[in-house]
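K.L.:
Sharing upload36.cif here; it has mmCIF, C-alpha atoms.
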```cif
data_data
loop_
_atom_site.label_atom_id
_atom_site.label_comp_id
_atom_site.auth_asym_id
_atom_site.auth_seq_id
_atom_site.Cartn_x
_atom_site.Cartn_y
_atom_site.Cartn_z
CA MET K 155 -15.44 -85.84 -45.60
CA ASP K 156 -13.59 -83.07 -47.40
CA MET K 157 -11.01 -84.08 -50.01
CA ASP K 158 -8.90 -81.08 -49.07
CA LEU K 159 -8.80 -82.22 -45.43
CA ILE K 160 -7.67 -85.68 -46.43
CA SER K 161 -4.84 -84.41 -48.59
CA ARG K 162 -3.79 -81.97 -45.88
CA TYR K 163 -3.92 -84.21 -42.85
CA GLY K 164 -3.77 -87.66 -44.42
CA PRO K 165 0.01 -87.96 -44.35
CA SER K 166 0.39 -86.81 -40.75
CA LEU K 167 -2.43 -89.13 -39.60
CA LEU K 168 -0.79 -91.99 -41.45
CA SER K 169 2.60 -91.30 -39.90
CA GLY K 170 0.82 -91.00 -36.55
CA PHE K 171 -0.66 -94.44 -37.03
CA GLY K 172 2.81 -95.76 -37.92
CA MET K 173 4.13 -94.27 -34.70
CA THR K 174 1.26 -95.84 -32.73
CA VAL K 175 2.11 -99.26 -34.15
CA LEU K 176 5.83 -98.75 -33.51
CA CYS K 177 5.28 -97.67 -29.88
CA TRP K 178 2.85 -100.51 -29.29
CA ALA K 179 5.08 -103.19 -30.82
CA SER K 180 8.28 -102.09 -29.09
CA GLY K 181 6.56 -101.33 -25.78
CA THR K 182 4.80 -104.70 -25.76
CA ALA K 183 7.98 -106.56 -26.72
CA LEU K 184 9.88 -104.78 -23.94
CA GLY K 185 7.09 -105.52 -21.46
CA ILE K 186 7.00 -109.21 -22.37
CA VAL K 187 10.78 -109.56 -22.05
CA ILE K 188 10.95 -107.76 -18.66
CA GLY K 189 7.87 -109.62 -17.45
CA PHE K 190 9.30 -112.97 -18.46
CA VAL K 191 12.63 -112.24 -16.76
CA ILE K 192 10.77 -111.23 -13.58
CA ALA K 193 8.73 -114.45 -13.64
CA LEU K 194 11.92 -116.48 -14.17
CA LEU K 195 13.72 -114.71 -11.32
CA GLN K 196 10.73 -115.36 -9.05
CA ARG K 197 11.17 -119.07 -9.69
CA LEU K 198 14.60 -118.96 -8.06
CA GLY K 199 12.73 -118.65 -4.77
CA TRP K 200 15.21 -116.27 -3.17
CA ALA K 201 13.17 -114.37 -0.56
CA PRO K 202 14.83 -110.89 -0.68
CA LEU K 203 14.74 -110.87 -4.48
CA ASN K 204 11.12 -111.97 -4.45
CA ALA K 205 10.22 -109.13 -2.08
CA VAL K 206 11.82 -106.60 -4.45
CA LEU K 207 10.08 -108.05 -7.50
CA ARG K 208 6.76 -108.18 -5.66
CA ALA K 209 7.15 -104.51 -4.69
CA TYR K 210 7.93 -103.62 -8.31
CA ILE K 211 4.81 -105.38 -9.54
CA GLU K 212 2.58 -103.84 -6.87
CA VAL K 213 3.91 -100.32 -7.49
CA VAL K 214 3.50 -100.56 -11.26
CA ARG K 215 0.01 -102.04 -10.97
CA GLY K 216 -1.08 -99.67 -8.22
CA THR K 217 -0.22 -96.37 -9.90
CA PRO K 218 -1.78 -94.78 -13.01
CA PHE K 219 0.03 -95.20 -16.32
CA LEU K 220 -0.07 -91.44 -16.87
CA VAL K 221 1.73 -90.74 -13.58
CA GLN K 222 4.37 -93.36 -14.46
CA LEU K 223 4.94 -91.65 -17.80
CA PHE K 224 5.27 -88.21 -16.18
CA LEU K 225 7.64 -89.64 -13.59
CA LEU K 226 9.82 -91.15 -16.29
CA TYR K 227 9.74 -88.26 -18.76
CA TYR K 228 9.77 -85.20 -16.49
CA GLY K 229 11.27 -86.78 -13.36
CA GLY K 230 13.89 -88.84 -15.19
CA PRO K 231 16.34 -85.97 -15.79
CA SER K 232 16.59 -85.50 -11.99
CA PHE K 233 18.48 -88.78 -11.79
CA GLY K 234 20.25 -88.43 -15.10
CA LEU K 235 17.76 -90.27 -17.28
CA GLN K 236 17.19 -87.97 -20.23
CA LEU K 237 14.78 -89.56 -22.71
CA GLU K 238 13.02 -87.91 -25.58
CA ALA K 239 9.24 -88.26 -25.67
CA THR K 240 9.00 -91.30 -27.95
CA SER K 241 11.64 -93.36 -26.12
CA ALA K 242 10.11 -92.38 -22.78
CA GLY K 243 6.74 -93.51 -24.12
CA ILE K 244 8.08 -96.86 -25.29
CA VAL K 245 10.01 -97.50 -22.07
CA GLY K 246 6.99 -96.40 -20.04
CA LEU K 247 4.70 -98.73 -21.95
CA GLY K 248 7.21 -101.53 -21.47
CA ILE K 249 7.47 -100.98 -17.72
CA TYR K 250 3.70 -100.65 -17.33
CA GLY K 251 3.09 -103.85 -19.30
CA SER K 252 5.92 -105.78 -17.64
CA ALA K 253 4.16 -105.99 -14.26
CA TYR K 254 1.02 -107.46 -15.82
CA PHE K 255 2.98 -109.77 -18.09
CA ALA K 256 5.06 -110.95 -15.11
CA GLU K 257 1.87 -111.96 -13.30
CA ILE K 258 0.56 -113.74 -16.39
CA PHE K 259 3.81 -115.69 -16.78
CA ARG K 260 3.88 -116.50 -13.07
CA GLY K 261 0.40 -117.94 -13.34
CA GLY K 262 1.50 -119.88 -16.40
CA PHE K 263 4.47 -121.41 -14.61
CA LEU K 264 2.20 -122.49 -11.76
CA ALA K 265 -0.14 -124.18 -14.22
CA VAL K 266 2.52 -126.57 -15.50
CA PRO K 267 2.03 -129.91 -13.75
CA ARG K 268 5.02 -130.81 -11.55
CA GLY K 269 5.02 -134.31 -12.96
CA TYR K 270 6.05 -133.04 -16.40
CA VAL K 271 9.18 -131.43 -14.97
CA GLU K 272 9.95 -134.43 -12.76
CA ALA K 273 9.57 -136.80 -15.70
CA ALA K 274 11.90 -134.69 -17.82
CA GLU K 275 14.42 -134.53 -14.97
CA SER K 276 14.36 -138.28 -14.50
CA LEU K 277 15.01 -138.67 -18.23
CA GLY K 278 18.15 -136.59 -17.74
CA MET K 279 17.09 -133.43 -19.58
CA PRO K 280 19.19 -130.37 -18.68
CA PRO K 281 17.28 -127.50 -16.95
CA GLY K 282 17.52 -125.22 -20.01
CA ALA K 283 15.95 -127.87 -22.23
CA ILE K 284 13.21 -128.57 -19.69
CA LEU K 285 12.32 -124.89 -19.70
CA ARG K 286 12.40 -124.59 -23.49
CA ARG K 287 10.84 -127.87 -24.51
CA ILE K 288 8.51 -128.82 -21.65
CA VAL K 289 7.59 -125.86 -19.46
CA MET K 290 7.36 -123.10 -22.08
CA PRO K 291 5.07 -124.83 -24.60
CA THR K 292 2.74 -126.10 -21.85
CA MET K 293 2.65 -122.68 -20.24
CA LEU K 294 2.11 -120.76 -23.48
CA VAL K 295 -0.99 -122.74 -24.34
CA GLN K 296 -2.46 -121.96 -20.93
CA ILE K 297 -1.70 -118.24 -20.89
CA LEU K 298 -2.25 -117.41 -24.55
CA PRO K 299 -5.73 -115.85 -24.08
CA THR K 300 -4.64 -113.64 -21.15
CA LEU K 301 -1.39 -112.73 -22.90
CA VAL K 302 -3.21 -111.65 -26.05
CA ASN K 303 -5.81 -109.82 -23.99
CA MET K 304 -3.09 -107.78 -22.30
CA MET K 305 -1.51 -106.99 -25.65
CA ILE K 306 -4.84 -105.65 -26.88
CA ILE K 307 -5.25 -103.58 -23.71
CA LEU K 308 -1.85 -102.03 -24.44
CA THR K 309 -3.02 -100.87 -27.90
CA LYS K 310 -5.54 -98.70 -26.07
CA GLU K 311 -2.91 -97.40 -23.66
CA THR K 312 -0.75 -96.05 -26.50
CA VAL K 313 -3.26 -93.19 -26.76
CA VAL K 314 -2.00 -91.86 -23.42
CA LEU K 315 1.44 -91.33 -25.00
CA SER K 316 -0.06 -88.35 -26.86
CA LEU K 317 0.03 -86.51 -23.51
CA LEU K 318 3.84 -86.78 -23.58
CA THR K 319 3.75 -85.19 -27.08
CA VAL K 320 4.71 -88.48 -28.73
CA PRO K 321 3.57 -87.87 -32.34
CA GLU K 322 1.31 -90.94 -32.49
CA LEU K 323 -2.15 -91.11 -34.03
CA MET K 324 -4.08 -89.43 -31.22
CA TYR K 325 -1.55 -86.59 -31.05
CA GLU K 326 -1.80 -85.95 -34.79
CA ALA K 327 -5.59 -86.15 -34.62
CA GLN K 328 -5.71 -83.59 -31.83
CA THR K 329 -3.41 -81.28 -33.77
CA MET K 330 -5.82 -81.61 -36.67
CA ALA K 331 -8.79 -81.01 -34.36
CA ALA K 332 -7.22 -77.84 -33.01
CA GLU K 333 -6.37 -76.49 -36.46
CA THR K 334 -9.72 -77.26 -38.11
CA PHE K 335 -11.92 -76.43 -35.09
CA ALA K 336 -13.68 -79.75 -35.73
CA SER K 337 -12.87 -81.25 -32.34
CA PHE K 338 -15.92 -83.43 -31.95
CA GLU K 339 -15.83 -84.85 -35.48
CA THR K 340 -12.15 -85.69 -35.27
CA ILE K 341 -12.42 -87.35 -31.88
CA PHE K 342 -15.50 -89.24 -33.02
CA VAL K 343 -13.63 -90.63 -36.04
CA MET K 344 -10.75 -91.61 -33.73
CA ALA K 345 -13.17 -93.38 -31.38
CA VAL K 346 -14.67 -95.41 -34.22
CA PHE K 347 -11.20 -96.15 -35.59
CA TYR K 348 -9.88 -97.50 -32.28
CA TRP K 349 -13.11 -99.38 -31.70
CA LEU K 350 -12.74 -101.17 -35.04
CA LEU K 351 -9.04 -101.77 -34.42
CA VAL K 352 -9.66 -103.39 -31.04
CA GLU K 353 -12.62 -105.43 -32.34
CA VAL K 354 -10.66 -106.70 -35.34
CA LEU K 355 -7.64 -107.52 -33.20
CA SER K 356 -9.78 -109.38 -30.65
CA ARG K 357 -11.47 -111.44 -33.35
CA LEU K 358 -8.17 -112.18 -35.05
CA ALA K 359 -6.67 -113.18 -31.72
CA ARG K 360 -9.54 -115.55 -30.99
CA ARG K 361 -8.96 -117.30 -34.31
CA VAL K 362 -5.23 -117.63 -33.79
CA GLU K 363 -5.86 -118.88 -30.27
CA ALA K 364 -8.33 -121.49 -31.46
CA ARG K 365 -5.83 -122.78 -34.02
CA LEU K 366 -2.82 -122.81 -31.74
CA THR K 367 -4.49 -124.29 -28.71
CA HIS K 368 -6.27 -126.86 -30.84
CA TYR K 369 -2.94 -128.03 -32.15
CA LEU K 370 -0.95 -127.77 -28.94
CA SER K 371 -3.38 -128.89 -26.29
CA ALA K 372 -4.02 -132.33 -27.74
CA LYS K 373 -3.85 -134.67 -24.78
CA PRO K 374 -1.13 -137.31 -24.79
CA GLY K 375 -2.52 -140.54 -26.15
CA THR K 376 -5.06 -138.88 -28.43
CA THR K 377 -4.38 -138.19 -32.06
CA ALA K 378 -4.55 -134.53 -32.90
CA MET L 468 18.43 -84.25 -5.03
CA MET L 469 15.16 -84.96 -3.30
CA SER L 470 13.88 -81.92 -1.56
CA PHE L 471 11.68 -82.61 1.40
CA THR L 472 10.70 -79.06 2.33
CA VAL L 473 9.24 -78.47 -1.13
CA LEU L 474 7.36 -81.73 -0.78
CA ALA L 475 6.07 -80.84 2.66
CA ASN L 476 4.94 -77.43 1.42
CA ASN L 477 3.00 -78.93 -1.46
CA LEU L 478 1.63 -81.95 0.32
CA PRO L 479 -1.64 -80.24 1.36
CA PHE L 480 -2.38 -79.42 -2.31
CA LEU L 481 -1.64 -82.96 -3.37
CA LEU L 482 -3.87 -84.37 -0.63
CA LYS L 483 -6.67 -82.06 -1.71
CA GLY L 484 -6.20 -83.38 -5.23
CA ALA L 485 -6.32 -86.91 -3.86
CA GLY L 486 -9.65 -86.06 -2.22
CA MET L 487 -10.97 -85.00 -5.61
CA THR L 488 -9.62 -88.18 -7.19
CA ILE L 489 -11.45 -90.29 -4.62
CA ALA L 490 -14.67 -88.29 -4.97
CA VAL L 491 -14.66 -88.48 -8.76
CA SER L 492 -13.87 -92.18 -8.75
CA LEU L 493 -16.64 -92.91 -6.26
CA ALA L 494 -19.13 -90.87 -8.27
CA GLY L 495 -17.94 -92.66 -11.42
CA ILE L 496 -18.27 -96.15 -9.96
CA LEU L 497 -21.68 -95.31 -8.49
CA LEU L 498 -22.92 -94.17 -11.88
CA GLY L 499 -21.20 -97.22 -13.39
CA GLN L 500 -23.09 -99.51 -10.99
CA ILE L 501 -26.42 -98.08 -12.07
CA ILE L 502 -25.62 -98.11 -15.78
CA GLY L 503 -24.02 -101.54 -15.48
CA ALA L 504 -26.98 -103.07 -13.65
CA LEU L 505 -29.48 -101.56 -16.10
CA THR L 506 -27.45 -102.72 -19.10
CA CYS L 507 -27.18 -106.18 -17.66
CA VAL L 508 -30.93 -106.40 -17.01
CA MET L 509 -31.62 -105.05 -20.50
CA ARG L 510 -29.31 -107.59 -22.13
CA LEU L 511 -30.75 -110.52 -20.22
CA SER L 512 -34.46 -109.69 -20.26
CA GLY L 513 -34.96 -107.09 -22.97
CA GLY L 514 -35.25 -109.50 -25.86
CA ARG L 515 -33.17 -109.41 -29.00
CA ALA L 516 -33.11 -105.62 -29.44
CA GLY L 517 -32.22 -105.02 -25.82
CA ASP L 518 -29.39 -107.51 -26.03
CA LEU L 519 -28.06 -105.93 -29.20
CA VAL L 520 -28.12 -102.37 -27.82
CA GLY L 521 -26.41 -103.56 -24.64
CA ALA L 522 -23.81 -105.52 -26.56
CA VAL L 523 -22.92 -102.55 -28.77
CA TYR L 524 -22.65 -100.29 -25.73
CA VAL L 525 -20.35 -102.73 -23.92
CA SER L 526 -18.22 -103.34 -27.00
CA PHE L 527 -17.83 -99.61 -27.72
CA PHE L 528 -16.89 -98.53 -24.23
CA ARG L 529 -14.51 -101.44 -23.76
CA GLY L 530 -12.93 -101.04 -27.18
CA VAL L 531 -12.33 -97.30 -27.28
CA PRO L 532 -9.44 -95.88 -25.21
CA LEU L 533 -10.71 -93.99 -22.16
CA LEU L 534 -8.90 -90.80 -23.12
CA ILE L 535 -10.85 -90.73 -26.40
CA GLN L 536 -14.15 -91.46 -24.62
CA LEU L 537 -13.47 -88.64 -22.23
CA LEU L 538 -12.69 -86.11 -24.98
CA LEU L 539 -15.66 -87.36 -26.99
CA ILE L 540 -18.08 -86.67 -24.15
CA TYR L 541 -16.30 -83.43 -23.28
CA TYR L 542 -16.73 -82.11 -26.84
CA MET L 543 -20.12 -83.70 -27.47
CA LEU L 544 -22.08 -82.24 -24.55
CA PRO L 545 -21.78 -78.60 -25.72
CA LEU L 546 -22.75 -79.68 -29.26
CA ILE L 547 -26.07 -81.09 -28.08
CA GLY L 548 -26.66 -77.96 -26.02
CA ILE L 549 -25.59 -79.18 -22.59
CA ASN L 550 -23.09 -76.87 -20.99
CA VAL L 551 -21.64 -78.58 -17.96
CA PRO L 552 -18.41 -78.11 -16.04
CA PRO L 553 -15.55 -80.47 -17.01
CA LEU L 554 -16.08 -82.32 -13.74
CA VAL L 555 -19.52 -83.53 -14.81
CA ALA L 556 -18.24 -84.62 -18.23
CA ALA L 557 -15.44 -86.48 -16.46
CA ILE L 558 -17.80 -88.30 -14.10
CA ALA L 559 -20.10 -89.15 -17.02
CA ALA L 560 -17.16 -90.59 -18.97
CA LEU L 561 -15.91 -92.64 -16.03
CA GLY L 562 -19.45 -93.84 -15.29
CA LEU L 563 -20.12 -94.88 -18.88
CA ALA L 564 -16.76 -96.62 -19.18
CA SER L 565 -17.06 -98.51 -15.91
CA GLY L 566 -20.72 -99.30 -16.64
CA ALA L 567 -19.61 -101.41 -19.58
CA TYR L 568 -17.24 -103.44 -17.41
CA VAL L 569 -19.67 -103.63 -14.48
CA SER L 570 -22.45 -105.01 -16.68
CA GLU L 571 -20.14 -107.82 -17.75
CA ILE L 572 -19.18 -108.48 -14.13
CA TYR L 573 -22.87 -108.67 -13.21
CA ARG L 574 -23.61 -110.93 -16.15
CA GLY L 575 -20.94 -113.33 -14.93
CA ALA L 576 -22.28 -113.17 -11.37
CA LEU L 577 -25.88 -113.76 -12.48
CA ASN L 578 -24.82 -116.88 -14.31
CA ALA L 579 -23.57 -118.19 -10.99
CA ILE L 580 -27.03 -117.95 -9.39
CA PRO L 581 -28.97 -121.23 -9.79
CA HIS L 582 -31.80 -120.88 -12.27
CA GLY L 583 -34.12 -122.67 -9.84
CA GLN L 584 -34.28 -119.57 -7.66
CA SER L 585 -36.01 -117.41 -10.25
CA GLU L 586 -38.23 -120.35 -11.18
CA ALA L 587 -39.22 -120.76 -7.54
CA ALA L 588 -39.92 -117.02 -7.24
CA LEU L 589 -41.98 -117.15 -10.41
CA ALA L 590 -43.95 -120.06 -9.03
CA LEU L 591 -44.61 -118.02 -5.86
CA GLY L 592 -46.06 -115.27 -8.04
CA PHE L 593 -43.19 -112.76 -7.97
CA SER L 594 -43.29 -110.28 -10.82
CA GLU L 595 -40.25 -110.14 -13.06
CA SER L 596 -39.09 -106.76 -11.79
CA ARG L 597 -39.44 -108.03 -8.23
CA ILE L 598 -37.34 -111.11 -9.01
CA TRP L 599 -34.63 -108.81 -10.31
CA ARG L 600 -34.79 -106.42 -7.38
CA ARG L 601 -35.22 -108.85 -4.51
CA ILE L 602 -33.50 -112.03 -5.65
CA LEU L 603 -31.10 -111.70 -8.54
CA LEU L 604 -29.41 -108.29 -8.18
CA PRO L 605 -28.68 -108.45 -4.42
CA GLN L 606 -26.98 -111.82 -4.85
CA ALA L 607 -25.19 -110.76 -8.01
CA PHE L 608 -23.86 -107.75 -6.13
CA ARG L 609 -22.48 -109.96 -3.37
CA ILE L 610 -20.89 -112.45 -5.71
CA SER L 611 -19.29 -109.70 -7.73
CA ILE L 612 -17.72 -107.75 -4.88
CA PRO L 613 -14.12 -108.86 -5.56
CA ALA L 614 -14.47 -107.98 -9.23
CA LEU L 615 -16.11 -104.67 -8.35
CA VAL L 616 -13.29 -103.69 -6.00
CA ASN L 617 -10.89 -104.55 -8.81
CA GLU L 618 -12.91 -102.33 -11.11
CA LEU L 619 -12.84 -99.50 -8.57
CA ILE L 620 -9.04 -99.70 -8.40
CA LEU L 621 -8.84 -99.61 -12.19
CA LEU L 622 -11.20 -96.65 -12.26
CA LEU L 623 -9.17 -94.80 -9.66
CA LYS L 624 -6.09 -95.18 -11.82
CA ALA L 625 -8.03 -94.26 -14.95
CA SER L 626 -9.27 -91.09 -13.26
CA SER L 627 -5.75 -89.67 -13.72
CA LEU L 628 -6.75 -89.10 -17.35
CA ILE L 629 -9.40 -86.55 -16.42
CA SER L 630 -6.56 -84.17 -15.59
CA VAL L 631 -6.60 -83.58 -19.36
CA VAL L 632 -9.91 -81.69 -19.24
CA GLY L 633 -8.71 -79.59 -16.32
CA VAL L 634 -10.31 -81.26 -13.31
CA ALA L 635 -8.09 -80.52 -10.31
CA GLU L 636 -7.56 -84.12 -9.24
CA LEU L 637 -4.33 -85.66 -8.00
CA THR L 638 -2.50 -85.91 -11.33
CA ARG L 639 -3.48 -82.40 -12.38
CA VAL L 640 -2.51 -80.93 -9.03
CA SER L 641 0.86 -82.67 -9.04
CA GLN L 642 1.44 -81.39 -12.60
CA THR L 643 0.80 -77.85 -11.41
CA ALA L 644 3.01 -78.34 -8.37
CA ALA L 645 5.77 -79.81 -10.53
CA ALA L 646 5.57 -76.93 -12.99
CA THR L 647 5.75 -74.23 -10.34
CA THR L 648 8.49 -75.82 -8.21
CA TYR L 649 10.50 -77.54 -10.99
CA ARG L 650 10.52 -80.61 -8.75
CA HIS L 651 9.04 -83.05 -11.24
CA LEU L 652 10.55 -86.19 -9.75
CA GLU L 653 9.42 -85.46 -6.19
CA MET L 654 5.90 -84.37 -7.12
CA TYR L 655 5.13 -87.29 -9.42
CA ALA L 656 6.72 -89.77 -7.04
CA MET L 657 4.56 -88.36 -4.25
CA ALA L 658 1.46 -88.55 -6.45
CA GLY L 659 2.30 -92.15 -7.31
CA LEU L 660 2.73 -92.97 -3.64
CA ILE L 661 -0.66 -91.46 -2.77
CA TYR L 662 -2.33 -93.50 -5.53
CA LEU L 663 -0.58 -96.59 -4.19
CA VAL L 664 -1.80 -95.94 -0.63
CA ILE L 665 -5.40 -95.35 -1.77
CA ASN L 666 -5.36 -98.50 -3.87
CA GLY L 667 -3.85 -100.49 -1.01
CA CYS L 668 -6.65 -99.31 1.29
CA LEU L 669 -9.25 -100.22 -1.33
CA ALA L 670 -7.81 -103.70 -1.70
CA LEU L 671 -7.92 -104.18 2.10
CA LEU L 672 -11.47 -102.86 2.25
CA GLY L 673 -12.43 -105.23 -0.53
CA SER L 674 -11.10 -108.30 1.22
CA TYR L 675 -12.79 -107.17 4.46
CA ALA L 676 -16.16 -106.73 2.72
CA GLU L 677 -15.72 -110.09 1.05
CA ARG L 678 -15.13 -111.81 4.40
CA ARG L 679 -18.05 -110.03 6.08
CA LEU L 680 -20.52 -110.84 3.35
CA LYS L 681 -19.45 -114.45 3.20
CA THR L 682 -20.48 -115.06 6.81
CA ALA L 683 -23.68 -113.02 6.50
#
```
Now that the file is in, can you turn its structure into structure tokens?
P.N.:
Amino acid sequence: MDMDLISRYGPSLLSGFGMTVLCWASGTALGIVIGFVIALLQRLGWAPLNAVLRAYIEVVRGTPFLVQLFLLYYGGPSFGLQLEATSAGIVGLGIYGSAYFAEIFRGGFLAVPRGYVEAAESLGMPPGAILRRIVMPTMLVQILPTLVNMMIILTKETVVLSLLTVPELMYEAQTMAAETFASFETIFVMAVFYWLLVEVLSRLARRVEARLTHYLSAKPGTTA
Amino acid sequence: MMSFTVLANNLPFLLKGAGMTIAVSLAGILLGQIIGALTCVMRLSGGRAGDLVGAVYVSFFRGVPLLIQLLLIYYMLPLIGINVPPLVAAIAALGLASGAYVSEIYRGALNAIPHGQSEAALALGFSESRIWRRILLPQAFRISIPALVNELILLLKASSLISVVGVAELTRVSQTAAATTYRHLEMYAMAGLIYLVINGCLALLGSYAERRLKTA
């Protein structure tokens, strides 16, 4: 490693990493919110709405992320949706994630025993409270591993945003690669960096999971 | 406004690109099958070192974004003196990436085969390689078909990334068509639709194969 290289490209790589984290965090948050709303709407059991939501999920899961991004960023202006690269990237990541998150939440809702809800109803709990205090905690314990897994998958997908010229880490690294003619070395360092990032995140997630589920999944009647 | 004549004029190009997408994905998954099966065998019967090498391979190719893997292989091959067209680098990248996932799929499937079967084969005097070839792998393949079809669909979508190294597959072709006609919305929507149709067919094929093999 050359000290000169670090001082020249360090700041832009650092800001690229900041952008990666920003895109990931906002895209994931958006995806979780849309996904949760979709899963909630599906619970209404209104057939036409369900067909529309199903189609949305199938289309998003059946097409490549890159094509979705191009459609949003380059095709958007055709119907009056003018987004700059970074917002298009975040919205794209959110939409892409939302379909997977919706399926995860749907599975979670199905995993809540009916008896819990019936018991709460017979105790006179209002529907909002049942959702917040009974269904959500039970569901979250069940889906936590898949939810976290999807979030980690999305960290890898942020790399694709570089193709929309979003100035995230991969974009800055490729600029550096082009300017220094050290393509292989740069990409190799990026590969190791993302590898470590994903490994560390997975390990961290497993720990958090173990703690949370240990605390929350204690069966009624046993002392946690 | 949507323009259907432009779409109709460019549809043949897009379909040709789709053909390339399918071909590359099939080549990738085929290579992935071989690498995946070998990795799985190495991890399960190659002792400590074999397991470690396999584990590092799986962890690397599952942990590094595919775009980076692709560029890595694309830039690495010339450095070690192999000059191949981008297409070969792309297939190698897809194969290596899917191999990591396939080996995990196989590992899961192998765990589902009762241990007594290999013990019985051993007692009948089967050699270890023969147990793998005749008893374990064929069954593992059958058990893992749903997961493999899933993997093929993922790979087909991932193959859109190889447009970056200039392979004229569906995404690349629709980019070119969009750039020359200024009809970005139509071209990318069409490309998306073609991906959707291919994936739908794959899913149907998968459930058909699953049904057939279950009765066999």
K.L.:
Could you make a table, as a tab-separated table, of the residues of chain L that have an atom within 9 Å of an atom of chain K, each with its nearest atom pair and distance in Å to one decimal, counting only C-alpha atoms, in chain and number order?
P.N.:
```
residue	atom	partner	partner_atom	distance
L:Met468	CA	K:Ser232	CA	7.3
L:Met469	CA	K:Ser232	CA	8.8
L:Ser526	CA	K:Trp349	CA	8.0
L:Phe527	CA	K:Trp349	CA	6.2
L:Phe528	CA	K:Trp349	CA	8.4
L:Arg529	CA	K:Trp349	CA	8.3
L:Gly530	CA	K:Trp349	CA	4.8
L:Val531	CA	K:Trp349	CA	4.9
L:Pro532	CA	K:Lys310	CA	4.9
L:Leu533	CA	K:Lys310	CA	8.0
L:Leu534	CA	K:Val314	CA	7.0
L:Ile535	CA	K:Ala345	CA	6.1
L:Gln536	CA	K:Ala345	CA	7.1
L:Leu538	CA	K:Ile341	CA	7.0
L:Leu539	CA	K:Ile341	CA	5.9
L:Ile540	CA	K:Phe338	CA	8.7
L:Tyr541	CA	K:Phe338	CA	8.7
L:Tyr542	CA	K:Phe338	CA	5.3
L:Met543	CA	K:Phe338	CA	6.1
L:Leu546	CA	K:Phe338	CA	8.2
L:Ile620	CA	K:Gly216	CA	8.0
L:Leu621	CA	K:Pro218	CA	8.6
L:Leu623	CA	K:Pro218	CA	8.1
L:Lys624	CA	K:Pro218	CA	4.5
L:Ala625	CA	K:Pro218	CA	6.6
L:Ser626	CA	K:Pro218	CA	8.4
L:Ser627	CA	K:Pro218	CA	6.5
L:Leu628	CA	K:Leu220	CA	7.1
L:Val631	CA	K:Leu317	CA	8.4
L:Thr638	CA	K:Val221	CA	6.8
L:Gln642	CA	K:Phe224	CA	8.6
L:Ala645	CA	K:Tyr228	CA	9.0
L:Arg650	CA	K:Gly229	CA	7.7
L:His651	CA	K:Gly229	CA	4.8
L:Leu652	CA	K:Gly229	CA	3.7
L:Glu653	CA	K:Gly229	CA	7.5
L:Met654	CA	K:Leu225	CA	8.5
L:Tyr655	CA	K:Leu225	CA	5.4
L:Ala656	CA	K:Leu225	CA	6.6
L:Ala658	CA	K:Val221	CA	7.5
L:Gly659	CA	K:Thr217	CA	5.6
L:Leu660	CA	K:Thr217	CA	7.7
L:Ile661	CA	K:Thr217	CA	8.7
L:Tyr662	CA	K:Thr217	CA	5.6
L:Leu663	CA	K:Gly216	CA	5.1
L:Val664	CA	K:Gly216	CA	8.5
L:Ile665	CA	K:Gly216	CA	8.9
L:Asn666	CA	K:Gly216	CA	6.2
L:Gly667	CA	K:Gly216	CA	7.8
```
K.L.:
Could you state which residues are captured by the PyMOL selection byres ((chain L and resi 561-569) around 10) in this file, as an MDAnalysis selection string?
P.N.:
chainID L and resid 491:507 521:533 536:537 540 555:560 570:575 611 614:615 618:619 621:623 625:626 628:629
K.L.:
Return the single residue from L:Leu482, L:Ala516, L:Val508, L:Ala635 that is closest to Leu603 of chain L, with distances computed using only C-alpha atoms.
P.N.:
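With only C-alpha atoms as the atom set, the closest residue is L:Val508.
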K.L.:
What does the distance from atom CA of Leu671 of chain L to atom CA of Phe255 of chain K come to in Å, to one decimal?
P.N.:
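Atom-to-atom, atom CA of Leu671 of chain L to atom CA of Phe255 of chain K, that is 23.6 Å.
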K.L.:
Just the number, please: distance in Å from atom CA of Arg600 of chain L to atom CA of Pro613 of chain L, one decimal.
P.N.:
20.9 Å
K.L.:
Out of L:Ala579, L:Leu637, L:Ala670, L:Ala644, which residue has the shortest atom-to-atom distance to Ala485 of chain L when counting only C-alpha atoms?
P.N.:
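Ranking L:Ala579, L:Leu637, L:Ala670, L:Ala644 by distance to Ala485 of chain L, first place goes to L:Leu637.
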K.L.:
Quick check, in Å to one decimal: how far apart do atom CA of Val632 of chain L and atom CA of Asn303 of chain K lie?
P.N.:
28.8 Å
K.L.:
Return as JSON the box centre and box size in Å, one decimal, for an axis-aligned box around all listed atoms of segment 339-358 of chain K padded by 3 Å per side.
P.N.:
```
{"center_x": -11.7, "center_y": -98.5, "center_z": -33.3, "size_x": 14.2, "size_y": 33.3, "size_z": 11.4}
```
K.L.:
If the PyMOL selection byres ((chain K and resi 265) around 12) were run on this exact file, what residues would it hold? Put them as number ranges by chain.
P.N.:
K: 258-264, 266-271, 289-297
K.L.:
Contacts of Met305 of chain K at 9 Å or less, counting all atoms listed in the file, minus same-chain residues fewer than 3 places along, as a PDB file with C-alpha atoms, in the frame of the given file?
P.N.:
```pdb
ATOM      1  CA  TRP K 178       2.850-100.510 -29.290  1.00  0.00           C
ATOM      2  CA  THR K 182       4.800-104.700 -25.760  1.00  0.00           C
ATOM      3  CA  GLY K 251       3.090-103.850 -19.300  1.00  0.00           C
ATOM      4  CA  THR K 300      -4.640-113.640 -21.150  1.00  0.00           C
ATOM      5  CA  LEU K 301      -1.390-112.730 -22.900  1.00  0.00           C
ATOM      6  CA  VAL K 302      -3.210-111.650 -26.050  1.00  0.00           C
ATOM      7  CA  LEU K 308      -1.850-102.030 -24.440  1.00  0.00           C
ATOM      8  CA  THR K 309      -3.020-100.870 -27.900  1.00  0.00           C
TER       9      THR K 309
END
```
